[in-house]
Number of protein chains: 2
Amino acid sequence: MATGKKYVYSFGGGKADGNESMKNLLGGKGANLAEMAGHKDLKLPVPPGFTLTTEVCTCFLANKRSYPKSLEKEVEKALAQVEKLMCRKFGDSENPLLVSVRSGARKSMPGMMETVLNVGTTEKTIPGLIKQAGGNARFVYDAYRRLIMMYSDVVMEKAGGIEPAEDMGIRKQLERIMDKMKKEKGYASDTDLKENDLKLLCGQFKVKIKEVLGKEFPDDPMKQLWGGISAVFSSWNGKRAIAYRKIEGIPDDWGTAVNVQTMVFGNLGNNSATGVAFSRNPGNGENGFYGEYLINAQGEDVVAGIRTPSPINQYSQSENNKGLTTLEQGMPAIYKELVSFRNRLEKHYRDMQDIEFTIEKGRLFMLQCRIGKRNGPAAVRMAVDMAKEKLCTKEEAVMRVTPDQLNELLHPVIDPKLELGAKVLAKGLPAGPGGATGQIVFTSNDAVEWKKQNKKVILVREETNPEDIEGMRAAEAILTARGGMTSHAALVARGWGKCCIVGCSAMHVDLGGKTIKIADKVFKEGDWVTLNGTKGNVYEGKLVMMDAGAENQMLNDFLKMCDGIRKLGIRTNADTPEDAAKARQFGAEGIGLFRTEHMFYGKGSDEALFLLRKMIISKDVTERIKALNELFPFVKKDIKGTLEAMDGFPVVIRLLDPPLHEFVPHEKAKQEELAKELGINAEEFAKRAEDLHESNPMMGHRGVRLGITYPEVSEMQIRAVLESAAELIQAGKKPFPEIMIPVVCDVKELQDQLVIAKKVYLEVLAKYNIKKIHYLFGTMIEIPRAAFVADELATVAEFFSFGTNDMTQMGFGFSRDDIGSFLPEYLKKGILPEDPFQSIDQKGVGEIIKLGIQKGRSANKKLEVGICGEHGGEARSVEFCHKVGMDYVSCSPFRVPIARLAAAQAVLKEKPVKKAKK
Amino acid sequence: MATGKKYVYSFGGGKADGNESMKNLLGGKGANLAEMAGHKDLKLPVPPGFTLTTEVCTCFLANKRSYPKSLEKEVEKALAQVEKLMCRKFGDSENPLLVSVRSGARKSMPGMMETVLNVGTTEKTIPGLIKQAGGNARFVYDAYRRLIMMYSDVVMEKAGGIEPAEDMGIRKQLERIMDKMKKEKGYASDTDLKENDLKLLCGQFKVKIKEVLGKEFPDDPMKQLWGGISAVFSSWNGKRAIAYRKIEGIPDDWGTAVNVQTMVFGNLGNNSATGVAFSRNPGNGENGFYGEYLINAQGEDVVAGIRTPSPINQYSQSENNKGLTTLEQGMPAIYKELVSFRNRLEKHYRDMQDIEFTIEKGRLFMLQCRIGKRNGPAAVRMAVDMAKEKLCTKEEAVMRVTPDQLNELLHPVIDPKLELGAKVLAKGLPAGPGGATGQIVFTSNDAVEWKKQNKKVILVREETNPEDIEGMRAAEAILTARGGMTSHAALVARGWGKCCIVGCSAMHVDLGGKTIKIADKVFKEGDWVTLNGTKGNVYEGKLVMMDAGAENQMLNDFLKMCDGIRKLGIRTNADTPEDAAKARQFGAEGIGLFRTEHMFYGKGSDEALFLLRKMIISKDVTERIKALNELFPFVKKDIKGTLEAMDGFPVVIRLLDPPLHEFVPHEKAKQEELAKELGINAEEFAKRAEDLHESNPMMGHRGVRLGITYPEVSEMQIRAVLESAAELIQAGKKPFPEIMIPVVCDVKELQDQLVIAKKVYLEVLAKYNIKKIHYLFGTMIEIPRAAFVADELATVAEFFSFGTNDMTQMGFGFSRDDIGSFLPEYLKKGILPEDPFQSIDQKGVGEIIKLGIQKGRSANKKLEVGICGEHGGEARSVEFCHKVGMDYVSCSPFRVPIARLAAAQAVLKEKPVKKAKK
């Protein structure tokens with residue numbers, strides 16, 4: 001142990017040894033107390049005290065619970081300083097000092113470590129304390145009683161390493177004594193206990209402690225103090241604290257500081273009070289001072305919620321408390337002082353502050369200040385306002401809103417107060433964010449019909465397929481028993497910004513009986529359920545929604561700040577002119593993924609889908625080309641409309657990707673219609689459909705493999721793209737199509753398809769008599785091998801777009817539709833930190849991506865690189881894409897704002913953020 | 001063009017400018033002619049001539065068909081030298097010289113380029129030629145006729161760049177003239193044409209040539225010579241040659257040499273002859289001089305097969321030719337000379353020689369010598385014999401047998417002579433090598449029943465599943481319409497060394513009607529078909545098989561030479577004690593893959609399979625553990641037996657790998673039996689089975705994912721392994737089990753399973769009261785992500801085994817069961833050079849493997865690395881495994897010999913092979 005080191009930092013009386021910047025050494029609480037007490041701009045009335053550093057903790061725990069030699073002297077010196085400031089003396093019988101002993105780590109670990117209050121209360125100091133309390137002996141004995149209970153539990157038992165049998169902990173045993181007394185005396189509550197009762201209890205407690213723990217309760221102030229300090233340090237290695245650190249990723253070797261601070265009491269009469277306030281409204285972000293307080297109470301009483309707290313001012317009034325006296329009315333001078341403190345603190349910290357204060361006999365003490373938590377709308381508003389007020393820089397403002405907070409602004413949510421009290425029926429994967437409530441229906445048709453009757457419905461399915469599209473659109477939300485985060489239901493719902501929960505495996509669906517069973521509860525058609533698609537929670541009954549407030553000026557202002565910072569381009573995944581237009585509103589700068597197949601899933605797709613199916617079931621190239629020719633105008637119409645909606649911006653159009661079998665109709669009627677059209681019988685139809693069946697369709701005949709075996713399919717699509725572009729050019733528009741080949745694993749596949757593209761290009765130029773169409777030819781990188789041969793691919797491809805859904809599937813060998821059977825267990829056991837379909841697995845899949853980019857750029861300096869998997873809208877994944885040097889990310893329209901924010905934050909995380917000058 | 005370079009190399013008369021080592025410059029043929037003519041140990045009577053180098057060719061083709069300046073002079077000089085040696089003069093009317101002009105590339109490209117014979121035959125030289133031919137004018141006019149036809153075709157038309165309409169080529173037109181004359185005169189054959197007929201024809205030909213090609217046939221020897229040379233050089237870029245080079249991977253810039261050589265004639269009477277001989281028997285490798293000859297004939301007559309050639313000696317006599325006079329009898333002096341040449345050549349080249357010779361009026365000329373081709377048994381015998389004779393080193397001997405040749409020794413094959421004439425009905429993937437013939441049956445039961453009646457059957461299925469196992473075993477071979485090289489049928493068949501063709505998509509199976517249809521042909525149950533599983537060919541009817549000759553001393557001797565060289569260990573994939581014992585015979589040094597699940601596929605597996613199914617269909621952990629306990633003795637029995645059979649060698653035991661749904665019975669009766677056992681109804685059974693169903697089972701709930709969600713399944717298997725080992729140790733054996741976890745993608749999966757293993761290990765030690773079981777704990781590397789995190793995996797795993805089947809599936813995104821729909825097209829279009837499931841894709845999958853090894857070894861120097869995919873028995877893949885530094889390969893028992901050879905060759909390919917001293 002180094003000597004000469006300073007282990008104890010004092011604060012109080014307008015001075016402090018430490019300051020805010022010393023969080024690592026003093027912990028968050030200690031650093032902020034020092035800052036409030038000592039900084040020249042603040043010098044707030046903080047109850048004096050001192051902080052034992054985190055270094056003491058690590059030293060203590062590493063050296064068999066022994067302290068640095070110099071510590072005792074330093075503590076004595078600091079204590080003397082407090083005594084001097086308070087004009088009281090620790091252990092004195094006349095005018096004694098009481099202190100609290102609290103933990104305080106670098107990062108807040110609320111409730112995970114121990115606290116000992118009222119340290120210094122002994123038989124000897126009680127008379128002096130009664131005097132200080134204006135003769136309120138009951139108050140003093142109650143404090144003593146609390147100390148004994150807390151101390152015997154925290155210091156003597158827990159820190160002493162004693163592990164009692166269940167229900168036999170010392171605290172429990174003491175509580176039983178107290179309960180017995182209350183029962184005998186017929187008291188309803190602790191507050192009914194009289195001075196003498198408490199006196200008696202304290203005696204009984206001491207006897208019991210000796211009996212159970214074999215040691216006396218130390219009626220000595222210094223013993224209490226050191227006992228408390230050791231107990232708090234020890235609690236760093238308590239079970240709860242260790243578990244919490246593991247979850248939060250807090251290193252074990254950080255250690256905690258210990259804060260020893262003068263006790264102040266808000267419960268010493270009607271000129272005493274305690275309260276909590278926020279320098280701005282944490283619920284909506286308005287620049288109003290917002291808080292609550294309780295006369296004659298301690299902080300724990302506010303938390304306990306027995307009495308309704310009063311508003312500190314008119315601004316803080318609500319339906320619940322509007323009749324109560326405000327602090328402004330009741331103690332105008334103190335309120336004024338508090339307001340000035342609030343102003344100083346906010347100016348100093350340049351962010352909204354969460355303040356705890358206590359008024360002891362007319363004197364205001366500041367107990368704590370910290371950056372205040374806030375909800376999404378408040379976070380955005382404060383960021384925009386404070387940047388305007390120059391309280392912070394734009395960079396700081398952008399860093400103060402989390403992607404989750406932004407998400408709150410984009411979807412309706414369940415009223416948080418109602419959700420708090422609701423019981424979770426079942427959990428599934430949170431596939432589409434936001435909340436929704438409705439009556440359950442089991443078929444797509446029912447969803448459409450009920451919607452027509454103005455009913456709100458939740459569509460419940462085992463899993464969805466393209467035939468459910470109409471019902472999915474009509475429903476408020478979709479709930480499926482199977483499928484993963486990128487299953488059909490999840491993809492479609494997210495594309496629409498619709499609430500959706502998938503893979504809810506606890507739910508058993510009986511489609512025939514139109515019921516679902518969860519645990520032993522049965523729900524039938526028409527029953528109400530409510531979904532939280534952000535969390536994946538299913539609730540029974542109808543909960544009220546809060547609106548998103550879509551068109552939000554504040555949001556737009558905020559996102560513009562983000563745009564000024566980010567380097568990544570933000571595109572969207574959109575498959576229709578309508579989605580493209582919507583995405584433009586959200587700020588998308590092009591389309592990163594237009595899926596030709598999705599035009600067969602959407603509204604009014606019946607005829608196109610029929611023709612596609614006809615093509616698929618075609619026996620030979622002649623039949624197929626005939627069907628393709630009929631299909632051509634439909635494909636072209638959607639492509640042209642989308643290029644037009646994105647005029648001037650690039651549009652990546654991916655050629656047909658899924659295995660054809662996916663489109664074979666399941667319904668008998670549709671099968672018969674198709675068979676009739678093709679002039680074949682049911683048997684022949686079944687045979688052709690069976691021929692398309694695959695064991696593992698995800699790794700089967702799809703993507704470019706279709707384009708190679710059926711070149712005419714690629715040709716039709718490429719022609720649709722280039723003819724659309726040609727017609728738009730003639731109409732004076734600026735289309736920028738990018739033709740993307742999916743599922744590529746070798747450069748020869750690209751070469752094969754490029755030959756088709758070049759041929760069609762020349763034919764289209766000739767047909768429309770134009771000289772040039774600006775277009776790119778590129779590839780998805782979604783097969784692991786593609787990353788390894790990316791240098792070769794980049795000799796042909798002008799752009800790469802990483803398909804991280806499939807790359808995650810192949811990289812992990814996880815079929816996204818089948819992970820429901822094991823991924824929950826993987827997450828529960830901590831084998832994987834999270835679902836890799838939600839956030840890019842940087843360790844594995846991320847390395848594949850890096851390899852692909854590095855190899856691709858090595859061969860083609862001008863290569864455009866983007867991502868079009870669902871990860872493109874997930875914040876950490878966006879940061880990753882920025883770091884590895886992609887040109888853009890692409891995500892569903894509703895995720896575009898989040899991507900804009902995440903892209904800006906990714907830039908800001910690369911170096912210290914510029915701060916506003918004070 | 002550099003000057004001063006030598007472009008023409010002469011040979012003949014006991015001298016030569018070049019030698020054998022100059023193949024790149026002189027081509028194979030030219031270098032060998034020079035060697036035969038000029039080497040001091042040989043000095044054989046080669047008709048004198050000269051070679052124009054390959055540099056002339058590349059120069060000619062790169063410079064608009066113009067030659068280096070110095071060439072003409074060099075050719076004239078070389079020609080003069082030939083004239084001197086032959087005492088004849090090119091173009092002379094008295095004693096003219098005739099030459100042939102032939103191609104000769106570095107690597108033989110048989111028939112792909114042009115040849116012009118009889119160059120120098122003109123109206124002027126004819127009288128002198130007739131004199132040389134002893135007055136045989138017909139012979140000379142026939143040679144003239146041939147020259148004109150050949151020259152007009154090859155030189156004037158083809159090399160002239162003329163592309164005639166179909167059937168209007170000059171050769172065709174001249175043939176029509178000749179046919180017309182034969183018809184008019186009533187001749188049956190060309191040989192009926194008389195001197196005058198031929199004279200007339202030559203005239204008519206010249207007229208026709210002028211008419212069709214617009215140019216005169218050059219009746220000038222030097223024009224003929226240069227025309228011939230240019231035509232041969234030009235033919236390097238002919239369509240056939242280009243296509244051949246593409247297939248064989250011969251670079252386009254190599255170019256061909258041109259050999260101009262004195263014509264000698266074996267058809268100048270009964271003291272003339274021509275023949276072909278091998279210095280040893282190419283059919284079985286015996287050290288006997290083996291050859292055939294024809295009196296009064298040219299080489300093309302031997303090829304044409306009109307006359308039956310005579311044996312050169314008694315040793316070469318066969319049923320067909322035993323009545324004919326041998327060369328030894330007919331021309332004893334010449335035979336003796338030939339034998340001495342044979343001896344000199346074999347000693348010089350230190351390998352079996354393929355010799356062409358011509359006897360012109362009692363004088364023996366050597367026209368060609370080259371390393372002789374041989375079949376598998378001959379290759380092995382010659383390698384062993386020649387190494388013993390010190391004709392070559394062991395290293396050379398090992399390099400002289402190809403893996404395909406070795407394979408011939410391991411399986412029965414269709415009699416090659418019969419196969420040559422048989423028509424290929426359909427082609428499929430060559431899944432199990434060797435040949436088989438039998439009557440087709442359609443069910444496993446029928447296969448078993450027919451086999452009992454001593455019938456040979458071929459089991460035909462759409463695709464096989466575990467329930468077909470008994471039938472597959474009973475059948476001579478298996479033929480499926482679907483599936484890839486690693487489908488169930490393919491894997492099982494290869495494991496047994498059984499002939500198998502899968503993915504025969506041209507075949508339509510009607511199981512109900514018990515017929516198959518190929519094109520328009522229908523085969524019914526009981527019809528005979530014959531399969532060549534090495535090529536994937538299906539033939540109609542019954543072809544005779546040739547036996548493999550399994551226990552082969554020569555083979556063992558050869559493989560021992562391989563063992564002395566190779567560095568890779570060779571293990572086998574075996575799942576039963578019987579297979580393990582068989583693999584030991586083949587030389588396996590342990591088991592690289594024992595699949596626990598395969599014990600449920602094999603013979604007599606009924607009860608075990610039933611219990612497995614019971615476990616799978618179990619609803620909860622209690623039911624499952626009960627089933628596992630019943631299953632335990634079965635699993636343990638197979639494991640123990642296998643460890644015992646491999647006593648002293650390592651045995652890698654892989655825990656349960658496939659998705660459970662694979663084991664759910666398809667047959668209704670079995671389903672009912674199982675439901676009854678579990679006490680559930682059909683509906684509940686269907687529900688449980690349905691719950692196991694997956695969209696992409698290959699990427700679903702399998703491998704370690706089962707072990708994580710059902711730890712009790714891993715525990716049972718690990719216990720079976722360790723208890724088996726403990727019992728064997730007690731019996732004085734040396735078991736070395738290696739427990740392998742499949743489908744791993746993260747180190748935490750391994751950690752999870754290791755905890756189970758350690759717990760069971762301690763329990764087993766205690767139960768058997770032993771101190772230590774030598775075992776390893778390791779992982780498959782078969783998921784791409786595993787390679788990227790291999791450094792972490794290697795901190796837990798003591799060994800890696802690359803599962804290249806799955807790695808190929810995930811790396812390419814190719815489901816091995818579904819590639820039939822596109823891979824054939826990929827191979828046809830050259831998009832992939834070969835099926836990556838057959839030979840490791842070194843460019844992609846190989847890079848993943850390298851990454852895995854490098855990362856793994858970086859973290860764990862002692863890491864044992866092997867491969868257990870089917871690639872482990874494929875020669876190029878074995879070489880790759882050697883190169884990347886694996887410790888061993890593992891393959892099915894029947895591939896072990898091939899792996900031993902390939903591993904030795906991999907070592908020898910790393911540096912020049914040590915040659916025997918002459």
# chains A, B, ... in the order shown; residues from 1 in each chain; ligands from 1
$ closest_atom_pairs --of "chain B" --to "chain A" --cutoff "7 Å" --atoms "only C-alpha atoms" --output "CSV"
residue,atom,partner,partner_atom,distance
B:Glu694,CA,A:Asp818,CA,5.9
B:Ser695,CA,A:Asp817,CA,6.4
B:Asn696,CA,A:Asn696,CA,4.3
B:Pro697,CA,A:Asn696,CA,6.6
B:Met698,CA,A:Asn696,CA,6.6
B:Met699,CA,A:Gly813,CA,4.7
B:Gly700,CA,A:Asp818,CA,5.5
B:His701,CA,A:Phe822,CA,6.5
B:Arg705,CA,A:Phe822,CA,6.5
B:Thr709,CA,A:Phe822,CA,6.4
B:Cys745,CA,A:Phe812,CA,6.2
B:Lys748,CA,A:Ile831,CA,5.2
B:Glu749,CA,A:Ile831,CA,6.2
B:Ile783,CA,A:Gly813,CA,6.1
B:Pro784,CA,A:Gly811,CA,5.1
B:Arg785,CA,A:Gly811,CA,5.1
B:Phe788,CA,A:Gly844,CA,5.7
B:Val789,CA,A:Gly844,CA,6.6
B:Met810,CA,A:Met810,CA,5.0
B:Gly811,CA,A:Pro784,CA,5.1
B:Phe812,CA,A:Arg785,CA,5.7
B:Gly813,CA,A:Met699,CA,4.7
B:Phe814,CA,A:Met699,CA,4.8
B:Ser815,CA,A:Met699,CA,4.8
B:Asp817,CA,A:Ser695,CA,6.4
B:Asp818,CA,A:Gly700,CA,5.5
B:Ile819,CA,A:Gly700,CA,6.5
B:Ser821,CA,A:His701,CA,6.5
B:Phe822,CA,A:Thr709,CA,6.4
B:Glu825,CA,A:Thr709,CA,6.4
B:Ile831,CA,A:Lys748,CA,5.2
B:Gly844,CA,A:Arg785,CA,5.2
B:Val845,CA,A:Arg785,CA,6.8
$ residues_around --residues "Val538 (chain A)" --least-positions-apart "4" --cutoff "12 Å" --atoms "only C-alpha atoms" --output "VMD selection string"
chain A and resid 414 419 422 to 430 435 to 438 458 460 477 to 481 499 to 507 518 528 to 534 542 to 543
$ closest_residue --among "B:Ala757, B:Met149, B:Met546, B:Met780" --to "Leu410 (chain B)" --atoms "only C-alpha atoms"
B:Met546
$ residues_around --residues "Phe217 (chain A)" --least-positions-apart "5" --cutoff "9 Å" --atoms "only C-alpha atoms" --output "PyMOL selection string"
chain A and resi 148+151-152+156+205-207+209-210+224
$ write_last_selection --atoms "C-alpha atoms" --output "mmCIF file, in the first residue's frame"
data_model
loop_
_atom_site.group_PDB
_atom_site.id
_atom_site.type_symbol
_atom_site.label_atom_id
_atom_site.label_comp_id
_atom_site.auth_asym_id
_atom_site.auth_seq_id
_atom_site.Cartn_x
_atom_site.Cartn_y
_atom_site.Cartn_z
ATOM 1 C CA ILE A 148 -29.712 -0.825 16.133
ATOM 2 C CA TYR A 151 -26.427 -1.935 12.282
ATOM 3 C CA SER A 152 -27.004 -5.412 13.632
ATOM 4 C CA MET A 156 -22.752 -7.320 12.549
ATOM 5 C CA PHE A 205 -33.004 -5.589 20.760
ATOM 6 C CA LYS A 206 -29.600 -5.439 22.419
ATOM 7 C CA VAL A 207 -30.300 -8.589 24.419
ATOM 8 C CA ILE A 209 -28.455 -9.339 19.360
ATOM 9 C CA LYS A 210 -26.084 -10.660 22.003
ATOM 10 C CA GLN A 224 -20.159 2.332 15.032
#
$ select_by_dssp --residues "region 28-210 of chain B" --states "alpha helix (DSSP H)" --output "PyMOL selection string"
chain B and resi 28-38+54-62+71-86+126-132+137-151+170-185+195-210
$ select_by_dssp --residues "region 724-798 of chain B" --states "strand (DSSP E or B)" --output "ChimeraX atom specification"
/B:736-741,776-781
$ atom_distance --atom1 "CA of Leu728 (chain B)" --atom2 "CA of Glu630 (chain B)"
21.9 Å
$ residues_around --residues "region 377-390 of chain B" --least-positions-apart "5" --cutoff "7 Å" --atoms "only C-alpha atoms" --output "ChimeraX atom specification"
/B:282-285,397-398,400-401,409,554-555,557-558,916
$ residues_around --residues "Ile741 (chain A)" --least-positions-apart "6" --cutoff "12 Å" --atoms "only C-alpha atoms" --output "ChimeraX atom specification"
/A:593-596,652-657,702-708,714,717-718,747,749-754,756-757,776-782,793,796-803
$ residues_around --residues "Met36 (chain A)" --least-positions-apart "5" --cutoff "10 Å" --atoms "only C-alpha atoms" --output "PyMOL selection string"
chain A and resi 11-12+14-16+19-20+30-31+41-46+341+344-345+348+366-369
$ residues_around --residues "Ile247 (chain A)" --least-positions-apart "6" --cutoff "12 Å" --atoms "only C-alpha atoms" --output "list in words"
Met109, Arg240, Ala241, Lys828, Gly830 and Pro833 of chain A
